[in-house]
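Some notes on the structure that comes next.
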Amino acid sequence: MKKIAILTSGGDAPGMNAAIRAAVRCGIDLGMEVYGIDRGYEGLLDGDIKPMGWHSVGDILQRGGTMLRTARSSRFMEGRWVEHGAKILNTFGIEGLIVIGGDGSFRGGLELSKLGIPVMGVPGTIDNDLAYTEYTIGFDTAVNTVLGLISNIRDTSSSHERTTIIEVMGRHCGDLALHAGLAGGADVILVPEVSIDTNEICRRVLEGQQSGKVHSLIVMAEGADFEPEELAKTLEEMTGREARTVVPGYIQRGGSPTLADRRLASLTAAKAVNLLYNDSESKAIGVEAGKIVALDLDKALDITSEFDTNLYELANVLGKGK
Ligand code: ATP
């Protein structure tokens with residue numbers, strides 16, 4: 001294979017730039033022509049495709065976001081537009097595509113691959129919601145960002161003897177809340193995968209309070225079945241302690257990628273380029289037992305998420321009041 005293209009799609013994630021850089025430079029190093037597609041599938045449909053040189057990806061390694069920009073494309077959800085996208089790739093003579101994004105982006109890639117275009121999925125999403133891989137690019141940075149926020153909140157929360165509820169990203173996947181909650185010492189972690197009632201949350205907070213905790217911290221995934229302000233009100237009534245909510249929102253998406261994300265991005269993108277160079281069929285690149293692996297794209301998308309209940313239970317024990 002001689003000509004390949006790269007796009008980023010769905011929500012941006014820190015480390016996407018590191019993946020673009022690795023894909024461009026590994027491709028050029030192998031003697032391939034590498035193209036960048038602007039604004040994900042939207043840009044593909046508009047033919048926003050440009051050649052990428054070695055230096056076009058200079059000075060982006062340390063930046064969050066994506067230099068190729070990203071989009072959600074409702075047009076691309078329709079078969080006729082996928083066909084249009086495949087035609088555009090053919091017109092440019094592009095023989096293979098690297099898609100950096102989450103589950104939805106991979107599904108779009110799978111549709112393209114059915115039309116004869118080999119697609120390599122590089123997992124880029126802060127949600128860590130691609131079940132076939134242990135980690136996705138951007139997750140480690142986002143967890144560390146949330147941890148920094150938790151540390152700041154702890155200072156004020158303990159000074160005022162408050163309960164604070166922090167709502168973090170994760171519509172369907174509680175990984176960000178779980179990992180940040182464990183590492184940040186949350187009393188209670190609320191995730192979409194585990195159901196828990198308000199009385200139990202109040203009981204745990206009260207238990208902590210009675211055992212001498214000067215403040216309480218609840219880390220909640222946005223997909224958990226609670227409304228933070230309502231929960232804060234109930235907690236105040238039931239525990240007699242002031243409760244506040246913090247919703248950091250998009251702050252969690254930005255920032256310079258961590259070592260782990262830059263490393264994962266570089267390794268997975270390099271693997272994607274090598275597979276295309278060797279005329280492989282469509283694959284999803286990921287991590288299994290710490291090693292970089294490539295699974296058939298369709299099979300990877302069929303794998304369903306398993307929530308880490310051991311880690312969740314450990315976090316609950318460590319956050320208890322005794
Ligand atoms: P994140 O996890 O950050 O939300 P994502 O890749 O899952 O990232 P989505 O918005 O779900 O984000 O998908 C990105 C884009 O992929 C969609 O806007 C759409 O253009 C395309 N896409 C998603 N599902 C399909 C599908 N079944 N067929 C074709 N295209 C799809």
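Ordered as shown in the structure tokens, chains take letters A, B, and onward, while each chain numbers its residues from 1 and ligands are numbered from 1 in the order shown.
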Q: Pull the alpha helix (DSSP H) assignments for segment 176-264 of chain A out of DSSP run on the backbone, and list those residues as a PyMOL selection string.
A: chain A and resi 176-184+198-210+228-239+259-264
Just the selected residues (N, CA and C atoms), exported as a compact mmCIF listing (two decimals), in the first residue's frame, please.
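For reference, result-v8.txt as written:
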# COMPACT_ATOMS: atom_id res chain seq x y z
N LEU A 176 -13.95 6.50 34.09
CA LEU A 176 -13.31 7.75 34.52
C LEU A 176 -13.64 8.02 36.00
N ALA A 177 -14.91 7.86 36.36
CA ALA A 177 -15.33 8.07 37.75
C ALA A 177 -14.68 7.03 38.66
N LEU A 178 -14.64 5.79 38.21
CA LEU A 178 -14.07 4.72 39.03
C LEU A 178 -12.59 4.96 39.32
N HIS A 179 -11.80 5.21 38.27
CA HIS A 179 -10.36 5.36 38.45
C HIS A 179 -10.02 6.65 39.21
N ALA A 180 -10.69 7.74 38.85
CA ALA A 180 -10.43 9.01 39.56
C ALA A 180 -10.93 8.90 41.00
N GLY A 181 -12.05 8.21 41.19
CA GLY A 181 -12.62 8.05 42.54
C GLY A 181 -11.71 7.21 43.43
N LEU A 182 -11.17 6.13 42.86
CA LEU A 182 -10.25 5.28 43.63
C LEU A 182 -8.99 6.06 44.00
N ALA A 183 -8.39 6.69 42.98
CA ALA A 183 -7.11 7.37 43.21
C ALA A 183 -7.29 8.66 44.01
N GLY A 184 -8.48 9.23 43.94
CA GLY A 184 -8.74 10.49 44.65
C GLY A 184 -9.36 10.30 46.02
N THR A 198 -30.44 6.31 46.94
CA THR A 198 -30.05 7.52 47.65
C THR A 198 -29.83 7.25 49.13
N ASN A 199 -30.67 6.39 49.73
CA ASN A 199 -30.52 6.10 51.16
C ASN A 199 -29.15 5.50 51.47
N GLU A 200 -28.71 4.62 50.58
CA GLU A 200 -27.41 3.97 50.78
C GLU A 200 -26.28 5.00 50.66
N ILE A 201 -26.41 5.93 49.72
CA ILE A 201 -25.38 6.98 49.59
C ILE A 201 -25.33 7.80 50.89
N CYS A 202 -26.51 8.19 51.37
CA CYS A 202 -26.58 8.99 52.61
C CYS A 202 -26.02 8.20 53.79
N ARG A 203 -26.34 6.90 53.83
CA ARG A 203 -25.84 6.06 54.93
C ARG A 203 -24.32 6.06 54.95
N ARG A 204 -23.72 5.91 53.75
CA ARG A 204 -22.25 5.84 53.69
C ARG A 204 -21.61 7.17 54.07
N VAL A 205 -22.22 8.25 53.60
CA VAL A 205 -21.66 9.57 53.93
C VAL A 205 -21.76 9.81 55.44
N LEU A 206 -22.92 9.45 56.00
CA LEU A 206 -23.15 9.63 57.43
C LEU A 206 -22.18 8.77 58.26
N GLU A 207 -21.98 7.55 57.80
CA GLU A 207 -21.05 6.64 58.48
C GLU A 207 -19.65 7.26 58.54
N GLY A 208 -19.23 7.84 57.39
CA GLY A 208 -17.93 8.50 57.33
C GLY A 208 -17.87 9.67 58.30
N GLN A 209 -18.94 10.44 58.27
CA GLN A 209 -19.04 11.63 59.14
C GLN A 209 -18.93 11.23 60.61
N GLN A 210 -19.71 10.18 60.98
CA GLN A 210 -19.73 9.75 62.39
C GLN A 210 -18.41 9.12 62.82
N PRO A 228 -27.16 15.82 40.24
CA PRO A 228 -26.25 16.23 41.33
C PRO A 228 -26.87 17.21 42.32
N GLU A 229 -27.59 18.23 41.83
CA GLU A 229 -28.16 19.24 42.75
C GLU A 229 -29.20 18.61 43.68
N GLU A 230 -30.01 17.74 43.12
CA GLU A 230 -31.04 17.05 43.93
C GLU A 230 -30.39 16.17 44.98
N LEU A 231 -29.35 15.45 44.54
CA LEU A 231 -28.64 14.57 45.46
C LEU A 231 -28.01 15.39 46.59
N ALA A 232 -27.44 16.55 46.24
CA ALA A 232 -26.81 17.41 47.26
C ALA A 232 -27.84 17.86 48.29
N LYS A 233 -29.03 18.21 47.80
CA LYS A 233 -30.10 18.68 48.68
C LYS A 233 -30.50 17.56 49.66
N THR A 234 -30.68 16.36 49.11
CA THR A 234 -31.07 15.22 49.96
C THR A 234 -29.97 14.93 50.98
N LEU A 235 -28.72 14.99 50.54
CA LEU A 235 -27.60 14.72 51.46
C LEU A 235 -27.58 15.73 52.60
N GLU A 236 -27.83 17.00 52.27
CA GLU A 236 -27.86 18.03 53.32
C GLU A 236 -28.93 17.71 54.35
N GLU A 237 -30.12 17.34 53.84
CA GLU A 237 -31.24 17.04 54.74
C GLU A 237 -30.94 15.82 55.62
N MET A 238 -30.36 14.79 54.99
CA MET A 238 -30.17 13.52 55.69
C MET A 238 -28.93 13.50 56.60
N THR A 239 -27.92 14.33 56.27
CA THR A 239 -26.68 14.25 57.06
C THR A 239 -26.43 15.50 57.89
N LEU A 259 2.41 10.91 29.77
CA LEU A 259 3.35 9.94 29.18
C LEU A 259 2.58 8.71 28.67
N ALA A 260 1.68 8.18 29.50
CA ALA A 260 0.95 6.95 29.13
C ALA A 260 0.17 7.16 27.83
N ASP A 261 -0.48 8.33 27.69
CA ASP A 261 -1.27 8.57 26.47
C ASP A 261 -0.38 8.81 25.25
N ARG A 262 0.73 9.51 25.43
CA ARG A 262 1.63 9.74 24.28
C ARG A 262 2.22 8.41 23.81
N ARG A 263 2.53 7.56 24.78
CA ARG A 263 3.12 6.26 24.46
C ARG A 263 2.09 5.37 23.74
N LEU A 264 0.89 5.31 24.32
CA LEU A 264 -0.17 4.50 23.72
C LEU A 264 -0.49 5.00 22.31
(Q) Just want the 7 Å neighbourhood of Thr141 of chain A, counted on only C-alpha atoms, with same-chain residues fewer than 2 positions away dropped. Output as a PyMOL selection string. (A) chain A and resi 14+138-139+143-145+257-258+261
Q) Between A:Thr245, A:Thr268, A:Asn90, A:Ser159, which one has atoms that come closest to Arg21 of chain A, using only C-alpha atoms? A)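 Smallest distance to Arg21 of chain A is found for A:Thr268.
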Q | Within 8 Å of ligand 1, counting only C-alpha atoms and all ligand atoms, residues as a count of residues only | A | 35
Q: Can you check which residues of segment 167-233 of chain A DSSP gives as strand (DSSP E or B) on the backbone and send them as a list in words?
A: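 So the strand (DSSP E or B) residues in segment 167-233 of chain A would be Glu167, Val168, Val188, Ile189, Leu190, Ser216, Leu217, Ile218, Val219, Met220 and Ala221 of chain A.
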Q) Which is closest to Ala224 of chain A among A:Gly170, A:Pro192, A:Gly321, A:Gly286, if we use only C-alpha atoms? A)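 The shortest atom-to-atom distance to Ala224 of chain A comes from A:Pro192.
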Q: Using only C-alpha atoms, determine which residues lie at most 10 Å from Asn274 of chain A, disregarding the query and same-chain residues fewer than 4 positions distant; provide the list as a list in words.
A: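 Selected residues are Ala23, Cys26, Gly27, Leu30, Thr268, Ala269, Ala270, Asn278, Asp279 and Ser280 of chain A.
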Those same residues, written as a PDB file, in the first residue's frame with all heavy atoms?
ATOM      1  N   ALA A  23       1.483   8.377  13.072  1.00  0.00           N
ATOM      2  CA  ALA A  23       0.989   7.782  11.826  1.00  0.00           C
ATOM      3  C   ALA A  23       1.657   8.442  10.618  1.00  0.00           C
ATOM      4  O   ALA A  23       2.099   7.759   9.682  1.00  0.00           O
ATOM      5  CB  ALA A  23      -0.534   7.925  11.748  1.00  0.00           C
ATOM      6  N   CYS A  26       5.568   7.498  10.676  1.00  0.00           N
ATOM      7  CA  CYS A  26       5.828   6.076  10.379  1.00  0.00           C
ATOM      8  C   CYS A  26       5.499   5.781   8.916  1.00  0.00           C
ATOM      9  O   CYS A  26       6.213   5.041   8.247  1.00  0.00           O
ATOM     10  CB  CYS A  26       5.003   5.155  11.278  1.00  0.00           C
ATOM     11  SG  CYS A  26       5.588   5.143  12.963  1.00  0.00           S
ATOM     12  N   GLY A  27       4.404   6.384   8.428  1.00  0.00           N
ATOM     13  CA  GLY A  27       4.005   6.176   7.027  1.00  0.00           C
ATOM     14  C   GLY A  27       5.074   6.700   6.078  1.00  0.00           C
ATOM     15  O   GLY A  27       5.515   5.984   5.160  1.00  0.00           O
ATOM     16  N   LEU A  30       8.148   4.677   5.890  1.00  0.00           N
ATOM     17  CA  LEU A  30       8.017   3.437   5.104  1.00  0.00           C
ATOM     18  C   LEU A  30       7.893   3.729   3.601  1.00  0.00           C
ATOM     19  O   LEU A  30       7.680   2.824   2.803  1.00  0.00           O
ATOM     20  CB  LEU A  30       6.783   2.645   5.577  1.00  0.00           C
ATOM     21  CG  LEU A  30       6.897   1.966   6.939  1.00  0.00           C
ATOM     22  CD1 LEU A  30       5.539   1.483   7.429  1.00  0.00           C
ATOM     23  CD2 LEU A  30       7.868   0.781   6.855  1.00  0.00           C
ATOM     24  N   THR A 268       0.057   2.612  19.074  1.00  0.00           N
ATOM     25  CA  THR A 268      -1.120   2.118  18.333  1.00  0.00           C
ATOM     26  C   THR A 268      -1.134   2.679  16.903  1.00  0.00           C
ATOM     27  O   THR A 268      -1.471   1.964  15.958  1.00  0.00           O
ATOM     28  CB  THR A 268      -2.442   2.467  19.057  1.00  0.00           C
ATOM     29  OG1 THR A 268      -2.425   3.847  19.423  1.00  0.00           O
ATOM     30  CG2 THR A 268      -2.660   1.615  20.282  1.00  0.00           C
ATOM     31  N   ALA A 269      -0.742   3.950  16.742  1.00  0.00           N
ATOM     32  CA  ALA A 269      -0.736   4.536  15.389  1.00  0.00           C
ATOM     33  C   ALA A 269       0.335   3.863  14.535  1.00  0.00           C
ATOM     34  O   ALA A 269       0.111   3.581  13.348  1.00  0.00           O
ATOM     35  CB  ALA A 269      -0.506   6.042  15.474  1.00  0.00           C
ATOM     36  N   ALA A 270       1.496   3.595  15.142  1.00  0.00           N
ATOM     37  CA  ALA A 270       2.571   2.921  14.394  1.00  0.00           C
ATOM     38  C   ALA A 270       2.106   1.535  13.943  1.00  0.00           C
ATOM     39  O   ALA A 270       2.353   1.120  12.805  1.00  0.00           O
ATOM     40  CB  ALA A 270       3.817   2.800  15.264  1.00  0.00           C
ATOM     41  N   ASN A 278       1.362  -3.507   5.172  1.00  0.00           N
ATOM     42  CA  ASN A 278       1.399  -4.937   4.832  1.00  0.00           C
ATOM     43  C   ASN A 278       0.066  -5.457   4.303  1.00  0.00           C
ATOM     44  O   ASN A 278      -0.199  -6.652   4.327  1.00  0.00           O
ATOM     45  CB  ASN A 278       1.845  -5.741   6.059  1.00  0.00           C
ATOM     46  CG  ASN A 278       3.315  -5.502   6.356  1.00  0.00           C
ATOM     47  OD1 ASN A 278       4.169  -5.753   5.505  1.00  0.00           O
ATOM     48  ND2 ASN A 278       3.622  -4.976   7.533  1.00  0.00           N
ATOM     49  N   ASP A 279      -0.781  -4.524   3.833  1.00  0.00           N
ATOM     50  CA  ASP A 279      -2.060  -4.873   3.193  1.00  0.00           C
ATOM     51  C   ASP A 279      -2.970  -5.731   4.065  1.00  0.00           C
ATOM     52  O   ASP A 279      -3.628  -6.659   3.573  1.00  0.00           O
ATOM     53  CB  ASP A 279      -1.811  -5.567   1.844  1.00  0.00           C
ATOM     54  CG  ASP A 279      -1.139  -4.622   0.865  1.00  0.00           C
ATOM     55  OD1 ASP A 279      -1.482  -3.424   0.889  1.00  0.00           O
ATOM     56  OD2 ASP A 279      -0.269  -5.075   0.100  1.00  0.00           O
ATOM     57  N   SER A 280      -3.003  -5.411   5.355  1.00  0.00           N
ATOM     58  CA  SER A 280      -3.870  -6.167   6.264  1.00  0.00           C
ATOM     59  C   SER A 280      -5.343  -5.791   6.041  1.00  0.00           C
ATOM     60  O   SER A 280      -5.661  -4.744   5.497  1.00  0.00           O
ATOM     61  CB  SER A 280      -3.468  -5.821   7.695  1.00  0.00           C
ATOM     62  OG  SER A 280      -4.495  -6.101   8.594  1.00  0.00           O
TER      63      SER A 280
END
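You can rank A:Ile100, A:Val214, A:Ile166, A:Ile196 by their closest distance to Gly15 of chain A using only C-alpha atoms, and at the top of that list sits A:Ile100.
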Q: Considering only C-alpha atoms, return as a PyMOL selection string whatever protein or nucleic-acid residues lie within 8 Å of Lys2 of chain A, sequence-local ones (same chain, fewer than 4 positions apart) excluded.
A: chain A and resi 31-33+95+277
